[in-house]
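One structure below.
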Amino acid sequence: MRTTARLLTGTALTVAAIGAFAAPAAYAGDHEALEVYPSSATPGTTVTVNTLACGAHGHGVGDANSLGAGEFQLNPSTHKEVVVGQFTVPHHAKAGTFGISVACDNGKTARGELVVKHKSPSGHVQTGVGGSIGPDTAQITAGAAVLAAAAVGGTWLLRRRASGAQDD
């Protein structure tokens with residue numbers, strides 16, 4: 001009984017292994033590479049994709065719905081057997097890696113990935129009050145002049161009152 005169980009288990013594992021290796025080989029021929037340029041983009045960037053999957057004079061429809069850019073057309077380019085298409089990364093796209101696919105009119109498909117990154121803030125903070133740019137000598141001079149005038153005027157006023165009080 002044990003030998004029968006071992007024989008059946010071994011046979012089942014062999015069939016499963018052959019099926020596991022055969023399926024990717026058949027599946028791999030259905031999808032070709034999709035070149036995505038730039039491969040990393042920020043919202044608002046125009047992305048260009050191209051592939052050989054559609055063949056000479058082929059056409060295709062690209063799918064960038066995963067990042068919210070919708071569908072786009074691919075048309076033959078000046079390079080032999082290459083089709084090209086473009087889409088713009090939407091401003092509302094979140095950071096991450098997104099799959100881009102193309103379905104050609106000859107039945108073949110191509111897939112690629114696009115990494116969306118958001119720009120880091122750079123430059124000076126525009127807060128409306130002061131700034132982080134650095135000292136402005138004209139503003140510093142004007143401020144010092146106002147303070148000096150206030151100090152001189154205050155001293156003069158206090159001296160005048162003090163001298164007026166002594167006259168009584």
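By convention in this document, the chains of the structure tokens carry letters A, B, ... by their order, each chain's residues are numbered from 1, and ligands are numbered from 1 in the order they are shown.
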Neighbour list for range 58-64 of chain A as a ChimeraX atom specification, cut-off 7 Å, only C-alpha atoms, skip fewer than 4 positions in-chain: /A:54,68-76,83,100-105
Check the DSSP output for the backbone and give back, as a VMD selection string, the residues of range 52-137 of chain A in strand (DSSP E or B). chain A and resid 60 to 63 71 to 76 83 to 88 96 to 104 109 to 116
Selected residue, from A:Ala41, A:Leu67, A:Ala149, A:Ala33, that lies nearest to His118 in chain A when counting only C-alpha atoms: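 Checking each candidate against His118 in chain A, we get A:Ala41 as the closest.
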If you measure from CA of Tyr37 in chain A to CA of Thr88 in chain A, what distance in Å do you get, rounded to one decimal? 11.6 Å
What is the distance between CA of Arg111 in chain A and CA of Pro90 in chain A, in Å to one decimal?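 Those two atoms sit 19.8 Å apart.
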Can you pull out every residue from range 19-127 of chain A that DSSP, working from the backbone, puts in alpha helix (DSSP H), and format the result as number ranges by chain? A: 19-28
Output of the above residues as a PDB file, in the first residue's frame, restricted to C-alpha atoms:
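To be explicit, this is the file written out as out.pdb:
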ATOM      1  CA  GLY A  19       2.752  21.623 -16.037  1.00  0.00           C
ATOM      2  CA  ALA A  20       4.323  24.398 -13.966  1.00  0.00           C
ATOM      3  CA  PHE A  21       7.315  24.673 -16.280  1.00  0.00           C
ATOM      4  CA  ALA A  22       5.324  24.337 -19.501  1.00  0.00           C
ATOM      5  CA  ALA A  23       2.771  27.054 -18.704  1.00  0.00           C
ATOM      6  CA  PRO A  24       5.252  29.941 -18.292  1.00  0.00           C
ATOM      7  CA  ALA A  25       7.005  28.988 -21.528  1.00  0.00           C
ATOM      8  CA  ALA A  26       3.746  29.225 -23.456  1.00  0.00           C
ATOM      9  CA  TYR A  27       2.702  32.336 -21.559  1.00  0.00           C
ATOM     10  CA  ALA A  28       6.047  34.102 -22.030  1.00  0.00           C
TER      11      ALA A  28
END
Of the candidates A:Val89, A:Ala56, A:Val116, A:Ala95, which one gets nearest to Ser40 in chain A if we count only C-alpha atoms?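 Checking each candidate against Ser40 in chain A, we get A:Val116 as the closest.
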Work out how far CA of Lys108 in chain A is from CA of Gly85 in chain A, in Å to one decimal. 16.0 Å
